[in-house]
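S.K.: Below you will find the structure I want to go over with you.
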Amino acid sequence: MEINSEIRRLIELGTKAPSGHNSQPWKFKVIDDRIEIHPNFSCSLPVVDPSHRELYISLGCAGENICAAAPAFGYIANWSSNLTPSGKYSIQIDLKKAELEPDNSMPKLILERQSNRSIFKGKFIEEEKIDMLKRVSLEENINAYFFKKDSIQSNVIKNFIMQGNEIQMNDTNFKNELLSWIRFNQGHVNKTRNGLTYRVMGAPPMPKFLGKMIVKSFLKPEKQNKSDQQKIDSSSHFVLLTSNNNTPAEWIALGFSLERLLLKLTELGIANAYLNPPCEVDLLSDEFKNSLQMNGYPTIIMRIGYADKTPYSPRREVEEVLLNNESSIGKQ
Ligand SMILES: Cc1cc2nc3c(=O)[nH]c(=O)nc-3n(C[C@H](O)[C@H](O)[C@H](O)COP(=O)(O)O)c2cc1C
């Protein structure tokens, strides 16, 4: 089926969403004025994300990009998520043409957003900006908490990040999965158009075998903790996102809320990076939840602050993430 250029552009903006290890675990299907987003489990991360929680969050982020950008193309968007007969969840976005003022600001913000793993500038975010972030509308059952550096809760979070690193960096399966998503040189990047590139990691290009050896030597608890400690100290706040029921429908809703927050951060010129180990390590997640005494299941932890822009991550082409007929959904 021929897809009109506006819908194609919306899908392209959907693919600019963040995803764990830049795995881009989505497939888009177009039926008339409806865009569906389906999980692509061949890009799942079985070690770090066995329940597919982060995968469904990524799908929600892609959904929010499409809904937020739709008015720029003269559409009003309405979304819902559904359990498909095959037991997977998917997102439906219904687009309706409307008379709208042309405004290209949202597509621009979507392209500008990035995860920024650099050391930040150590400057605190102004309280009025934190208030603006707190006013970003979140989906039902999703909560966002902001903790200033050196507050009691932020020290608790830091402590759990260190414990999470200790566990992940001693886990050979975790390290092998991470290594399999690192792209060590431009040829490697061009071939896959996904994953964590040497540029994003702040490393020079090198042959794959050499890169693997070098990165392996860095994947050690002490090294990871030293680096994260420095990065946390350079940041202004932690942001913690929780969902009340820890279900796939809420993971998708959390993704929509997360992306809305990320686009607001981008608009305010504030950088963000994820430090998710305490939410990812089963052994820690209950204790982490209890120590913070707040609503919901801790799901996403980010540090935010001011920083210079860093290189952007690649994306696969729209054609590579399109599902053209129903029968191919299960095969991708
Ligand atoms: C659910 C989720 C979890 C993530 N967890 C981490 C993480 O623990 N550490 C990290 O450095 N990046 C994490 N990321 C960021 C991704 O690696 C990033 O989105 C991806 O590489 C694409 O880069 P971009 O966000 O700059 O477009 C996460 C992203 C999502 C959506």
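We name chains A, B, ... following the order of the structure tokens; residues begin at 1 in each chain, and ligands are numbered from 1 as shown.
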Give me the segment 31-52 of chain A side of the contact with segment 87-94 of chain A, cut-off 12 Å, one line per residue showing its nearest atom pair and distance in Å at one decimal, counting only C-alpha atoms, sorted by chain and residue number, as a tab-separated table.
M.R.:
```
residue	atom	partner	partner_atom	distance
A:Ile31	CA	A:Asp94	CA	9.6
A:Asp32	CA	A:Asp94	CA	9.3
A:Asp33	CA	A:Asp94	CA	6.2
A:Arg34	CA	A:Asp94	CA	4.6
A:Ile35	CA	A:Ile93	CA	5.1
A:Glu36	CA	A:Gln92	CA	4.5
A:Ile37	CA	A:Ile91	CA	5.0
A:His38	CA	A:Ser90	CA	4.8
A:Pro39	CA	A:Ser90	CA	6.8
A:Asn40	CA	A:Lys88	CA	10.0
A:Phe41	CA	A:Lys88	CA	9.8
A:Ser51	CA	A:Lys88	CA	11.9
A:His52	CA	A:Lys88	CA	10.4
```
S.K.: Taking only C-alpha atoms and all ligand atoms into account, list the residues no farther than 7 Å from ligand 1, as an MDAnalysis selection string.
M.R.: chainID A and resid 16:22 54:55 57:58 113:117 195:196 273:277 300 312:313
S.K.: I need the strand (DSSP E or B) residues of segment 10-140 of chain A per DSSP on the backbone, written as an NGL selection string.
M.R.: :A and (26-31 or 34-39 or 75-83 or 89-97)
S.K.: List every residue of segment 192-302 of chain A that has an atom at most 12 Å from any atom of segment 165-182 of chain A, and for each one report the closest atom pair and its distance in Å to one decimal, counting only C-alpha atoms, with rows sorted by chain and then by increasing residue number, as JSON lines.
M.R.:
```
{"residue": "A:Thr192", "atom": "CA", "partner": "A:Trp181", "partner_atom": "CA", "distance": 9.7}
{"residue": "A:Arg193", "atom": "CA", "partner": "A:Trp181", "partner_atom": "CA", "distance": 10.8}
{"residue": "A:Asn194", "atom": "CA", "partner": "A:Trp181", "partner_atom": "CA", "distance": 7.9}
{"residue": "A:Gly195", "atom": "CA", "partner": "A:Trp181", "partner_atom": "CA", "distance": 4.7}
{"residue": "A:Leu196", "atom": "CA", "partner": "A:Ile182", "partner_atom": "CA", "distance": 4.7}
{"residue": "A:Thr197", "atom": "CA", "partner": "A:Ile182", "partner_atom": "CA", "distance": 5.8}
{"residue": "A:Tyr198", "atom": "CA", "partner": "A:Ile182", "partner_atom": "CA", "distance": 7.2}
{"residue": "A:Arg199", "atom": "CA", "partner": "A:Ile182", "partner_atom": "CA", "distance": 10.4}
{"residue": "A:Val200", "atom": "CA", "partner": "A:Ile182", "partner_atom": "CA", "distance": 9.9}
{"residue": "A:Met201", "atom": "CA", "partner": "A:Ile182", "partner_atom": "CA", "distance": 8.9}
{"residue": "A:Ala203", "atom": "CA", "partner": "A:Ile182", "partner_atom": "CA", "distance": 11.1}
{"residue": "A:Pro205", "atom": "CA", "partner": "A:Ile182", "partner_atom": "CA", "distance": 11.4}
{"residue": "A:Met206", "atom": "CA", "partner": "A:Ile182", "partner_atom": "CA", "distance": 11.7}
{"residue": "A:Pro207", "atom": "CA", "partner": "A:Ile182", "partner_atom": "CA", "distance": 12.0}
{"residue": "A:Lys208", "atom": "CA", "partner": "A:Ile182", "partner_atom": "CA", "distance": 9.3}
{"residue": "A:Phe209", "atom": "CA", "partner": "A:Leu179", "partner_atom": "CA", "distance": 11.1}
{"residue": "A:Gly211", "atom": "CA", "partner": "A:Ile182", "partner_atom": "CA", "distance": 9.0}
{"residue": "A:Lys212", "atom": "CA", "partner": "A:Leu179", "partner_atom": "CA", "distance": 6.9}
{"residue": "A:Met213", "atom": "CA", "partner": "A:Leu179", "partner_atom": "CA", "distance": 9.9}
{"residue": "A:Ile214", "atom": "CA", "partner": "A:Leu179", "partner_atom": "CA", "distance": 10.8}
{"residue": "A:Val215", "atom": "CA", "partner": "A:Leu179", "partner_atom": "CA", "distance": 7.8}
{"residue": "A:Lys216", "atom": "CA", "partner": "A:Leu179", "partner_atom": "CA", "distance": 7.8}
{"residue": "A:Ser217", "atom": "CA", "partner": "A:Met169", "partner_atom": "CA", "distance": 10.8}
{"residue": "A:Phe218", "atom": "CA", "partner": "A:Met169", "partner_atom": "CA", "distance": 9.5}
{"residue": "A:Leu219", "atom": "CA", "partner": "A:Met169", "partner_atom": "CA", "distance": 5.9}
{"residue": "A:Lys220", "atom": "CA", "partner": "A:Met169", "partner_atom": "CA", "distance": 5.4}
{"residue": "A:Pro221", "atom": "CA", "partner": "A:Glu166", "partner_atom": "CA", "distance": 4.8}
{"residue": "A:Glu222", "atom": "CA", "partner": "A:Glu166", "partner_atom": "CA", "distance": 7.7}
{"residue": "A:Lys223", "atom": "CA", "partner": "A:Met169", "partner_atom": "CA", "distance": 9.5}
{"residue": "A:Gln224", "atom": "CA", "partner": "A:Asn165", "partner_atom": "CA", "distance": 6.8}
{"residue": "A:Asn225", "atom": "CA", "partner": "A:Asn165", "partner_atom": "CA", "distance": 6.7}
{"residue": "A:Lys226", "atom": "CA", "partner": "A:Asn165", "partner_atom": "CA", "distance": 10.4}
{"residue": "A:Ser227", "atom": "CA", "partner": "A:Asn165", "partner_atom": "CA", "distance": 10.9}
{"residue": "A:Asp228", "atom": "CA", "partner": "A:Asn165", "partner_atom": "CA", "distance": 9.2}
{"residue": "A:Gln229", "atom": "CA", "partner": "A:Asn165", "partner_atom": "CA", "distance": 11.1}
{"residue": "A:Leu275", "atom": "CA", "partner": "A:Asn165", "partner_atom": "CA", "distance": 9.4}
{"residue": "A:Asn276", "atom": "CA", "partner": "A:Asn165", "partner_atom": "CA", "distance": 9.4}
{"residue": "A:Pro277", "atom": "CA", "partner": "A:Asn165", "partner_atom": "CA", "distance": 6.3}
{"residue": "A:Pro278", "atom": "CA", "partner": "A:Asn165", "partner_atom": "CA", "distance": 8.3}
{"residue": "A:Cys279", "atom": "CA", "partner": "A:Asn165", "partner_atom": "CA", "distance": 11.3}
{"residue": "A:Glu280", "atom": "CA", "partner": "A:Gln168", "partner_atom": "CA", "distance": 9.2}
{"residue": "A:Val281", "atom": "CA", "partner": "A:Gln168", "partner_atom": "CA", "distance": 7.7}
{"residue": "A:Asp282", "atom": "CA", "partner": "A:Ile167", "partner_atom": "CA", "distance": 10.3}
{"residue": "A:Leu283", "atom": "CA", "partner": "A:Ile167", "partner_atom": "CA", "distance": 9.0}
{"residue": "A:Leu284", "atom": "CA", "partner": "A:Ile167", "partner_atom": "CA", "distance": 9.4}
```
S.K.: With distances taken over only C-alpha atoms, which residue among A:Tyr297, A:Trp26, A:Phe184, A:Phe160 lies nearest Leu323 of chain A?
M.R.: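 When distances to Leu323 of chain A are compared using only C-alpha atoms, the smallest one comes from A:Trp26.
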S.K.: Do you know which residues are at most 7 Å from segment 245-259 of chain A counting only C-alpha atoms, after dropping those on the same chain fewer than 2 positions away, and could you put them as a PyMOL selection string?
M.R.: chain A and resi 53+56-61+63-64+81+138-139+142+243+261-263+296-297
S.K.: Which of segment 224-312 of chain A end up as helix (DSSP H, G or I) when DSSP is run on this backbone - answer as a ChimeraX atom specification?
M.R.: /A:224-233,248-267,277-280,282-292
S.K.: Go through A:Gly122, A:Arg260, A:Ile304, A:Arg9 and flag the residue nearest Arg135 of chain A, using only C-alpha atoms for the distances.
M.R.: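 Nearest candidate to Arg135 of chain A out of A:Gly122, A:Arg260, A:Ile304, A:Arg9: A:Arg260.
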S.K.: One number please: atom CA of Asn185 of chain A to atom CA of Gly202 of chain A, in Å, one decimal.
M.R.: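 That distance, rounded to one decimal, is 12.0 Å.
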S.K.: Find the residue from A:Glu128, A:Glu99, A:Asp150, A:Glu12 that sits nearest to Phe238 of chain A; use only C-alpha atoms when measuring.
M.R.: A:Asp150
S.K.: Tell me, as a PyMOL selection string, which residues lie within 12 Å of Ser151 of chain A, counting only C-alpha atoms; anything in the same chain fewer than 4 positions away does not count.
M.R.: chain A and resi 146-147+155-158+236-238
S.K.: Calculate how many Å separate atom CA of Asn295 of chain A from atom CA of Lys149 of chain A, rounding to one decimal.
M.R.: 20.8 Å
S.K.: Compare A:Asn244, A:Lys148, A:Leu95, A:Thr266 by their minimum atom-to-atom distance to Lys289 of chain A, counting only C-alpha atoms, and give me the closest one.
M.R.: A:Asn244
S.K.: Would you mind telling me which residue in A:Asn104, A:Asn159, A:Thr242, A:Asn4 lies nearest to Asn143 of chain A when using only C-alpha atoms?
M.R.: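 Of all the options, A:Thr242 lies closest to Asn143 of chain A.
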S.K.: Considering only C-alpha atoms, can you say which of A:Ile7, A:Ala62, A:Leu13, A:Ala307 comes closest to Pro25 of chain A?
M.R.: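 Under the stated criterion, the closest residue is A:Ala62.
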S.K.: Which neighbours of Ile119 of chain A fall inside 8 Å, counting only C-alpha atoms, when residues of the same chain fewer than 3 positions from it are skipped, and could you give them as a VMD selection string?
M.R.: chain A and resid 230 to 231 234 to 235 307
S.K.: Could you please determine the separation between atom CA of Lys309 of chain A and atom CA of Gly269 of chain A in Å, to one decimal place?
M.R.: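 Atom-to-atom, atom CA of Lys309 of chain A and atom CA of Gly269 of chain A are spaced 9.8 Å apart.
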